>>> print(open('coords.txt').read())   # compact mmCIF, C-alpha atoms
# COMPACT_ATOMS: atom_id res chain seq x y z
CA MET H 1 28.46 3.90 5.53
CA TYR H 2 26.44 0.83 6.49
CA SER H 3 24.91 -0.26 9.78
CA ASP H 4 24.21 -3.72 11.11
CA SER H 5 20.47 -2.99 11.17
CA LYS H 6 20.21 -2.50 7.43
CA SER H 7 21.53 -4.73 4.65
CA LYS H 8 24.16 -3.31 2.34
CA TYR H 9 22.09 -4.05 -0.74
CA LEU H 10 19.20 -1.96 0.64
CA TYR H 11 21.48 1.03 1.17
CA LEU H 12 22.80 0.61 -2.37
CA TYR H 13 19.28 0.20 -3.77
CA GLU H 14 18.09 3.38 -2.00
CA ARG H 15 21.12 5.34 -3.20
CA ILE H 16 20.61 4.34 -6.84
CA ARG H 17 16.86 4.86 -6.66
CA ARG H 18 17.43 8.37 -5.31
CA ASP H 19 19.87 9.08 -8.14
CA ILE H 20 17.26 7.90 -10.66
CA ILE H 21 14.48 10.03 -9.14
CA ASP H 22 16.80 13.08 -8.91
CA GLY H 23 17.82 12.71 -12.56
CA VAL H 24 21.43 11.66 -12.06
CA TYR H 25 20.46 8.67 -14.20
CA ARG H 26 17.83 9.50 -16.84
CA ALA H 27 15.47 7.31 -18.83
CA GLY H 28 17.49 5.23 -21.26
CA ASP H 29 20.77 5.56 -19.34
CA LYS H 30 22.74 2.41 -18.66
CA LEU H 31 23.62 1.76 -15.03
CA PRO H 32 27.23 0.89 -14.14
CA SER H 33 28.16 -2.74 -14.54
CA LYS H 34 27.79 -4.86 -11.45
CA ARG H 35 31.54 -5.40 -11.22
CA ASN H 36 32.39 -1.69 -11.57
CA LEU H 37 29.75 -0.58 -9.06
CA ALA H 38 30.88 -3.25 -6.61
CA GLY H 39 34.45 -1.91 -6.79
CA GLU H 40 33.36 1.72 -6.42
CA SER H 41 31.04 0.96 -3.48
CA ASN H 42 33.34 -1.52 -1.77
CA VAL H 43 30.71 -4.26 -1.75
CA SER H 44 30.39 -7.66 -3.41
CA VAL H 45 28.98 -8.24 -6.87
CA ILE H 46 26.17 -10.24 -5.25
CA THR H 47 25.21 -7.16 -3.20
CA VAL H 48 24.97 -5.09 -6.38
CA GLN H 49 22.96 -7.87 -8.03
CA HIS H 50 20.42 -7.82 -5.18
CA ALA H 51 20.11 -4.01 -5.38
CA TYR H 52 19.59 -4.11 -9.16
CA GLU H 53 16.99 -6.87 -8.80
CA LEU H 54 14.96 -4.67 -6.42
CA LEU H 55 15.11 -1.77 -8.89
CA LEU H 56 13.97 -4.18 -11.59
CA GLU H 57 11.09 -5.52 -9.47
CA GLU H 58 9.81 -2.01 -8.76
CA GLY H 59 10.00 -0.83 -12.35
CA TYR H 60 12.84 1.70 -12.12
CA VAL H 61 15.04 -0.23 -14.55
CA SER H 62 14.83 -2.96 -17.17
CA SER H 63 17.47 -5.58 -17.94
CA CYS H 64 18.89 -6.70 -21.24
CA GLU H 65 20.82 -9.95 -21.35
CA LYS H 66 24.58 -9.41 -21.82
CA LYS H 67 24.04 -5.64 -22.03
CA GLY H 68 23.11 -4.64 -18.49
CA TYR H 69 20.47 -2.58 -16.71
CA PHE H 70 18.81 0.48 -18.23
CA VAL H 71 16.68 3.18 -16.56
CA ILE H 72 13.01 3.21 -17.61
CA TYR H 73 11.70 5.59 -14.93
CA ASP H 74 10.89 8.92 -16.61
CA PRO H 75 9.34 11.69 -14.48
CA ARG H 76 9.09 14.00 -17.49
CA ALA H 77 6.67 11.76 -19.36
CA VAL H 78 2.97 12.48 -19.00
CA PHE H 79 2.28 9.06 -20.42
CA SER H 80 4.17 6.60 -18.28
CA VAL H 81 6.90 4.35 -19.51
CA ALA H 82 5.71 0.83 -20.33
CA ASP H 83 6.56 -1.52 -17.53
CA THR H 84 7.10 -5.16 -18.38
CA LYS H 85 6.96 -6.08 -14.69
CA ALA H 86 3.44 -4.74 -14.34
CA GLU H 87 2.35 -6.45 -17.53
CA SER H 88 3.62 -9.79 -16.29
CA ARG H 89 1.29 -9.56 -13.26
CA LEU H 90 -1.83 -9.59 -15.39
CA PRO H 91 -3.85 -12.79 -15.30
CA ALA H 92 -3.26 -15.02 -18.30
CA GLY H 93 -5.19 -13.87 -21.33
CA GLU H 94 -6.34 -10.62 -19.71
CA ASN H 95 -6.06 -7.46 -21.78
CA PRO H 96 -6.09 -4.45 -19.45
CA ASP H 97 -7.32 -2.09 -22.15
CA SER H 98 -10.27 -4.28 -23.08
CA ALA H 99 -11.00 -4.84 -19.39
CA GLY H 100 -11.22 -1.10 -18.91
CA HIS H 101 -13.50 -0.61 -21.92
CA ARG H 102 -15.68 -3.51 -20.87
CA GLN H 103 -16.40 -1.67 -17.62
CA GLN H 104 -17.22 1.69 -19.19
CA GLY H 105 -20.85 2.50 -18.57
CA GLU H 106 -21.51 -0.63 -16.53
CA GLY H 107 -19.77 0.10 -13.22
CA ILE H 108 -17.37 -2.29 -11.57
CA SER H 109 -16.74 -5.97 -11.98
CA GLY H 110 -17.85 -8.71 -9.60
CA GLU H 111 -16.96 -9.58 -6.05
CA ILE H 112 -13.58 -10.89 -5.04
CA SER H 113 -13.92 -14.65 -5.06
CA ASN H 114 -12.23 -17.07 -2.69
CA VAL H 115 -10.21 -14.30 -1.10
CA ASN H 116 -9.81 -16.07 2.22
CA THR H 117 -10.13 -19.82 1.87
CA ALA H 118 -8.42 -22.41 4.00
CA ALA H 119 -6.44 -23.56 0.97
CA ASP H 120 -5.18 -20.04 0.41
CA SER H 121 -2.62 -20.44 3.23
CA THR H 122 -2.37 -16.68 3.82
CA GLU H 123 -4.56 -16.78 6.93
CA LEU H 124 -3.08 -16.96 10.41
CA SER H 125 -3.63 -20.41 11.93
CA PHE H 126 -6.73 -20.62 14.10
CA PRO H 127 -4.95 -22.38 17.01
CA LEU H 128 -2.47 -19.49 17.19
CA TYR H 129 -5.28 -16.92 17.13
CA ALA H 130 -7.20 -18.86 19.78
CA ARG H 131 -4.17 -19.11 22.08
CA THR H 132 -3.59 -15.38 21.74
CA ALA H 133 -7.25 -14.64 22.49
CA ARG H 134 -7.11 -16.76 25.66
CA LYS H 135 -3.95 -14.97 26.80
CA VAL H 136 -5.50 -11.54 26.15
CA MET H 137 -8.65 -12.42 28.09
CA SER H 138 -6.52 -13.66 30.99
CA VAL H 139 -4.34 -10.54 31.08
CA TYR H 140 -6.91 -7.80 30.42
CA GLN H 141 -10.00 -9.45 31.93
CA GLU H 142 -12.76 -6.84 32.52
CA LYS H 143 -10.69 -4.14 30.83
CA MET H 144 -11.40 -5.66 27.43
CA LEU H 145 -15.10 -4.96 28.01
CA GLU H 146 -14.47 -1.21 28.19
CA ARG H 147 -15.63 0.91 25.30
CA SER H 148 -12.95 1.77 22.77
CA PRO H 149 -12.25 5.46 22.03
CA GLY H 150 -13.66 6.66 18.71
CA PHE H 151 -10.49 6.22 16.65
CA GLY H 152 -9.41 3.00 18.40
CA LEU H 153 -7.54 1.94 21.53
CA ASP H 154 -4.39 3.97 22.23
CA ILE H 155 -2.31 0.82 22.75
CA PHE H 156 -3.49 -0.61 19.42
CA ARG H 157 -2.77 2.57 17.47
CA GLU H 158 0.64 2.95 19.13
CA THR H 159 1.46 -0.64 18.16
CA LEU H 160 0.32 -0.01 14.58
CA ALA H 161 2.49 3.10 14.36
CA LYS H 162 5.57 1.12 15.45
CA TYR H 163 4.73 -1.71 13.05
CA LEU H 164 4.29 0.69 10.10
CA ARG H 165 7.55 2.46 10.92
CA ARG H 166 9.41 -0.84 11.19
CA ASN H 167 7.91 -2.70 8.24
CA ARG H 168 6.41 -0.19 5.81
CA ASN H 169 8.68 2.83 6.19
CA ILE H 170 5.61 4.87 7.19
CA ASP H 171 6.67 7.22 9.99
CA VAL H 172 3.57 8.51 11.78
CA ASN H 173 2.26 8.89 15.32
CA GLU H 174 -0.78 7.14 16.74
CA ASN H 175 -2.95 10.28 16.39
CA GLN H 176 -2.81 9.83 12.61
CA ILE H 177 -4.28 6.31 12.77
CA ILE H 178 -8.02 5.60 12.71
CA VAL H 179 -9.39 2.10 13.28
CA GLY H 180 -12.58 0.82 11.64
CA SER H 181 -14.56 -2.35 10.96
CA GLY H 182 -13.31 -3.06 7.46
CA ALA H 183 -12.01 -0.94 4.62
CA GLU H 184 -15.51 -0.18 3.30
CA TYR H 185 -16.40 1.44 6.65
CA LEU H 186 -13.31 3.65 6.38
CA TYR H 187 -14.12 4.71 2.80
CA GLY H 188 -17.39 6.12 4.11
CA MET H 189 -15.64 7.89 6.97
CA VAL H 190 -13.26 9.54 4.49
CA VAL H 191 -16.21 10.92 2.52
CA ARG H 192 -17.81 12.30 5.69
CA ALA H 193 -14.53 13.94 6.69
CA LEU H 194 -13.58 15.37 3.30
CA GLY H 195 -17.14 16.30 2.29
CA ARG H 196 -19.61 15.10 -0.31
CA ASP H 197 -19.00 18.06 -2.63
CA ARG H 198 -15.83 16.51 -4.06
CA VAL H 199 -15.72 14.35 -7.18
CA TYR H 200 -14.08 10.95 -6.70
CA GLY H 201 -12.11 9.03 -9.32
CA ILE H 202 -11.75 5.25 -9.14
CA GLU H 203 -10.04 2.62 -11.26
CA SER H 204 -12.01 0.82 -13.95
CA PRO H 205 -12.25 -2.07 -13.43
CA SER H 206 -11.97 -2.27 -9.64
CA TYR H 207 -13.49 -4.02 -6.63
CA LYS H 208 -17.18 -3.20 -6.92
CA LYS H 209 -17.73 -2.38 -3.23
CA ILE H 210 -15.58 0.73 -3.68
CA ALA H 211 -18.13 2.21 -6.08
CA SER H 212 -21.00 0.90 -3.96
CA VAL H 213 -19.76 2.82 -0.91
CA TYR H 214 -19.31 6.06 -2.83
CA ASN H 215 -22.75 5.66 -4.43
CA ALA H 216 -24.26 5.10 -0.99
CA GLU H 217 -22.54 8.24 0.28
CA GLY H 218 -24.00 10.24 -2.60
CA VAL H 219 -20.79 11.50 -4.17
CA GLU H 220 -20.05 11.98 -7.86
CA MET H 221 -17.68 9.45 -9.40
CA ARG H 222 -15.56 9.19 -12.51
CA MET H 223 -14.40 5.84 -13.87
CA LEU H 224 -10.74 5.99 -14.98
CA ARG H 225 -9.50 3.26 -17.30
CA LEU H 226 -6.69 0.99 -16.13
CA GLU H 227 -3.88 0.12 -18.52
CA LYS H 228 -0.75 -2.01 -18.13
CA ASP H 229 0.76 -0.10 -15.23
CA GLY H 230 -2.03 2.03 -13.83
CA ILE H 231 -4.70 4.57 -14.77
CA ASN H 232 -4.61 5.96 -18.31
CA SER H 233 -2.65 9.21 -18.02
CA GLU H 234 -4.82 11.26 -20.35
CA GLU H 235 -7.99 10.32 -18.46
CA LEU H 236 -6.34 11.04 -15.11
CA TRP H 237 -5.11 14.52 -15.99
CA LYS H 238 -8.31 15.56 -17.79
CA ALA H 239 -10.73 14.25 -15.16
CA ASP H 240 -12.55 16.80 -12.97
CA ILE H 241 -11.80 14.96 -9.74
CA GLN H 242 -10.47 16.06 -6.38
CA VAL H 243 -10.08 12.63 -4.75
CA LEU H 244 -8.44 9.62 -6.40
CA HIS H 245 -9.00 6.10 -4.98
CA ILE H 246 -6.37 3.66 -6.22
CA THR H 247 -4.98 0.20 -5.43
CA PRO H 248 -1.38 0.56 -6.64
CA PHE H 249 -0.01 -2.77 -5.39
CA ARG H 250 -2.38 -5.04 -7.28
CA SER H 251 -5.78 -3.91 -8.45
CA TYR H 252 -8.67 -6.38 -8.52
CA PRO H 253 -9.81 -7.93 -10.85
CA SER H 254 -7.28 -6.83 -13.49
CA GLY H 255 -4.16 -7.74 -11.51
CA VAL H 256 -2.58 -4.43 -12.63
CA SER H 257 0.24 -3.07 -10.48
CA ALA H 258 1.44 0.52 -10.70
CA SER H 259 4.98 0.90 -12.00
CA ALA H 260 7.49 3.21 -10.36
CA SER H 261 6.85 5.82 -13.07
CA LYS H 262 3.11 5.60 -12.54
CA LYS H 263 3.39 5.93 -8.75
CA HIS H 264 5.39 9.11 -9.14
CA GLU H 265 2.91 10.36 -11.73
CA TYR H 266 0.10 9.87 -9.21
CA ILE H 267 2.08 11.94 -6.70
CA ARG H 268 2.79 14.62 -9.29
CA TRP H 269 -0.91 14.78 -10.20
CA CYS H 270 -1.90 14.96 -6.52
CA ASN H 271 0.44 17.85 -5.78
CA GLU H 272 -0.27 19.85 -8.95
CA LYS H 273 -4.05 19.46 -8.60
CA ASN H 274 -3.99 19.95 -4.80
CA ALA H 275 -6.00 16.74 -4.66
CA VAL H 276 -6.23 13.82 -2.23
CA ILE H 277 -5.24 10.21 -2.90
CA ILE H 278 -6.81 7.27 -1.07
CA GLU H 279 -4.17 4.54 -1.22
CA ASP H 280 -5.83 1.15 -0.80
CA ASP H 281 -2.89 -1.11 0.10
CA PHE H 282 -4.74 -4.43 0.32
CA GLU H 283 -2.49 -7.52 0.39
CA SER H 284 0.81 -5.69 -0.23
CA GLU H 285 2.30 -7.30 2.90
CA PHE H 286 2.53 -10.52 0.92
CA SER H 287 4.71 -9.05 -1.81
CA PRO H 288 7.47 -11.56 -2.62
CA SER H 289 9.94 -8.68 -2.85
CA ARG H 290 12.73 -8.66 -0.28
CA LYS H 291 11.78 -5.15 0.80
CA PRO H 292 8.40 -3.57 1.54
CA GLU H 293 6.58 -2.12 -1.45
CA ASP H 294 6.89 1.66 -1.70
CA THR H 295 3.70 3.35 -0.54
CA LEU H 296 2.45 6.59 -2.05
CA PHE H 297 2.06 7.87 1.51
CA THR H 298 5.82 7.62 2.01
CA LEU H 299 6.73 8.78 -1.50
CA ASN H 300 4.74 11.98 -0.90
CA ASN H 301 6.17 12.47 2.61
CA GLY H 302 2.77 11.91 4.21
CA ARG H 303 1.10 14.80 2.37
CA ASN H 304 -2.40 14.52 0.84
CA VAL H 305 -2.37 10.70 0.83
CA ILE H 306 -4.70 8.64 3.02
CA TYR H 307 -3.33 5.12 3.49
CA VAL H 308 -5.88 2.31 4.04
CA ASN H 309 -5.18 -1.31 4.95
CA THR H 310 -6.98 -4.25 6.56
CA PHE H 311 -6.24 -7.38 8.57
CA THR H 312 -8.89 -9.39 6.70
CA ARG H 313 -6.29 -10.83 4.35
CA THR H 314 -3.29 -11.06 6.67
CA ILE H 315 -5.07 -12.60 9.68
CA GLY H 316 -8.33 -14.04 8.38
CA SER H 317 -11.72 -13.43 6.81
CA PHE H 318 -13.31 -13.61 10.27
CA ILE H 319 -11.52 -10.38 11.25
CA ARG H 320 -13.31 -7.14 10.45
CA VAL H 321 -10.54 -4.76 11.46
CA ALA H 322 -9.00 -2.13 9.20
CA TYR H 323 -7.15 1.12 9.72
CA MET H 324 -6.26 4.26 7.84
CA VAL H 325 -3.33 6.61 8.23
CA ILE H 326 -4.07 10.28 7.56
CA PRO H 327 -1.66 13.18 6.96
CA LYS H 328 -0.83 15.35 9.96
CA ASP H 329 -2.63 18.28 8.35
CA PHE H 330 -5.85 16.25 8.26
CA VAL H 331 -5.94 15.27 11.94
CA ASP H 332 -7.91 18.26 13.23
CA VAL H 333 -10.44 18.13 10.38
CA PHE H 334 -11.04 14.40 10.84
CA LYS H 335 -11.48 14.84 14.60
CA GLU H 336 -14.01 17.62 14.01
CA LYS H 337 -15.97 15.82 11.27
CA ILE H 338 -15.94 12.18 12.41
CA GLY H 339 -14.39 12.17 15.88
CA PHE H 340 -17.79 11.76 17.54
CA TYR H 341 -18.41 8.34 15.94
CA ALA H 342 -17.94 5.33 18.22
CA CYS H 343 -15.27 2.85 17.19
CA PRO H 344 -17.12 -0.21 15.79
CA VAL H 345 -14.26 -2.65 16.52
CA PRO H 346 -14.55 -4.47 19.87
CA SER H 347 -11.68 -3.84 22.29
CA LEU H 348 -11.03 -7.60 22.49
CA GLU H 349 -10.10 -7.80 18.80
CA GLN H 350 -7.85 -4.74 19.11
CA TYR H 351 -6.04 -6.26 22.09
CA ILE H 352 -5.61 -9.59 20.25
CA ILE H 353 -4.02 -7.97 17.18
CA THR H 354 -1.86 -5.81 19.45
CA GLU H 355 -0.54 -8.96 21.14
CA LEU H 356 0.04 -10.75 17.81
CA ILE H 357 2.15 -7.83 16.58
CA ASN H 358 4.03 -7.23 19.82
CA ASN H 359 5.01 -10.88 20.36
CA GLY H 360 6.20 -11.24 16.76
CA ASP H 361 3.66 -13.87 15.67
CA PHE H 362 2.07 -11.58 13.08
CA GLU H 363 5.34 -10.72 11.32
CA ARG H 364 6.55 -14.32 11.47
CA HIS H 365 3.33 -15.32 9.72
CA LEU H 366 3.86 -12.69 7.00
CA ASN H 367 7.44 -13.82 6.47
CA ARG H 368 6.34 -17.44 6.06
CA VAL H 369 3.87 -16.46 3.34
CA ARG H 370 6.46 -14.28 1.58
CA ARG H 371 9.00 -17.08 1.57
CA SER H 372 6.50 -19.54 0.13
CA ARG H 373 5.56 -17.05 -2.62
CA ARG H 374 9.18 -16.53 -3.60
>>> encode(input="coords.txt", output="structure tokens")
Amino acid sequence: MYSDSKSKYLYLYERIRRDIIDGVYRAGDKLPSKRNLAGESNVSVITVQHAYELLLEEGYVSSCEKKGYFVIYDPRAVFSVADTKAESRLPAGENPDSAGHRQQGEGISGEISNVNTAADSTELSFPLYARTARKVMSVYQEKMLERSPGFGLDIFRETLAKYLRRNRNIDVNENQIIVGSGAEYLYGMVVRALGRDRVYGIESPSYKKIASVYNAEGVEMRMLRLEKDGINSEELWKADIQVLHITPFRSYPSGVSASASKKHEYIRWCNEKNAVIIEDDFESEFSPSRKPEDTLFTLNNGRNVIYVNTFTRTIGSFIRVAYMVIPKDFVDVFKEKIGFYACPVPSLEQYIITELINNGDFERHLNRVRRSRR
């Protein structure tokens, strides 16, 4: 049943999560006691405890002292189940409803402040980056001066595909990955590929550069109010939008994280409306959870979700390298519409990040930050 490459508690977590999503356990149902499930599954009580804690972290269940764990995920609800986990991530004193209303009619809130300071300790150490750069220049020499293909170096995109498969459960090939100089650059490329005739919906409040890019591209926008665990359901389903830009892990500046119910509602909305979701996954690598956060890209089997991430947070503010992962069905359209653009990221930076990932330094750095946050 289990393999050495995957922990028992992860198998158990995935099995229970699948049962919850498939309706074997419904909203309000009590999960088996830890002792009973341990006996049935031939694992230790500690293993069951770890699996239940993951379900609790992701908002599939809630716990009640001396009573057990109860399912709160409800796919039938149009208005998502309240998620205490998401509420606890709000900054102290912040009311998500008032934050949303405060933004109505006045756009987006201010810039992210102090995102990448030396005291933040999430940046890769400069000596490590410098050593890697010297090694890359020694190995590749004049090759690093060659012009990068439009969507990025093949070796870099192949490395990213392996990293995403290994660490984010995103199974794609390198042809689905497009490299750009920062997330804002990629937002604009998405508009040029999908067309300016679509109406875009964004979270309110959200990082103001998102709206700035869409305004600069000349597209219509709708501001959708954030609540405790994501966008207000009534506003989402009534909005006349075809593209939804969201930050499900932790939206800035509200601190709101999408619950499990809300993530599946986003997917349901996307499929029923035949719409597109832009999943902005900024900073999710630093989740203190013992498993990677579920991405909407994976939850929707790579359909109609464009996944965007950046190395600005994980490596350093001096790095202007981001990437997006597009569905297989979008590859030909994106090549036709934006394939002629030159890649704005120097080959040297792509080779450096490739080396950091391949030699394990990048993932060791992420693990150090995760451990400190736990």
>>> closest_residue(input="coords.txt", among="H:Phe297, H:Tyr9, H:Tyr252, H:Phe282", to="Thr312 of chain H", atoms="all atoms listed in the file")
H:Phe282
>>> residues_around(input="coords.txt", residues="Met137 of chain H", least_positions_apart="4", cutoff="12 Å", atoms="all atoms listed in the file", output="ChimeraX atom specification")
/H:130-133,141-145,347-352,355
>>> atom_distance(input="coords.txt", atom1="atom CA of Gly201 of chain H", atom2="atom CA of Tyr307 of chain H")
16.0 Å
>>> atom_distance(input="coords.txt", atom1="atom CA of Gly316 of chain H", atom2="atom CA of Ala342 of chain H")
23.8 Å
>>> atom_distance(input="coords.txt", atom1="atom CA of Ile170 of chain H", atom2="atom CA of Glu265 of chain H")
19.9 Å
>>> residues_around(input="coords.txt", residues="Ala216 of chain H", least_positions_apart="2", cutoff="12 Å", atoms="only C-alpha atoms", output="ChimeraX atom specification")
/H:184-185,187-188,191-192,196,209-214,218-221
>>> residues_around(input="coords.txt", residues="Ile72 of chain H", least_positions_apart="5", cutoff="7 Å", atoms="all atoms listed in the file", output="compact mmCIF listing (two decimals) with C-alpha atoms, in the frame of the given file")
# COMPACT_ATOMS: atom_id res chain seq x y z
CA ALA H 27 15.47 7.31 -18.83
CA GLY H 28 17.49 5.23 -21.26
CA TYR H 60 12.84 1.70 -12.12
CA VAL H 61 15.04 -0.23 -14.55
CA SER H 62 14.83 -2.96 -17.17
CA VAL H 81 6.90 4.35 -19.51
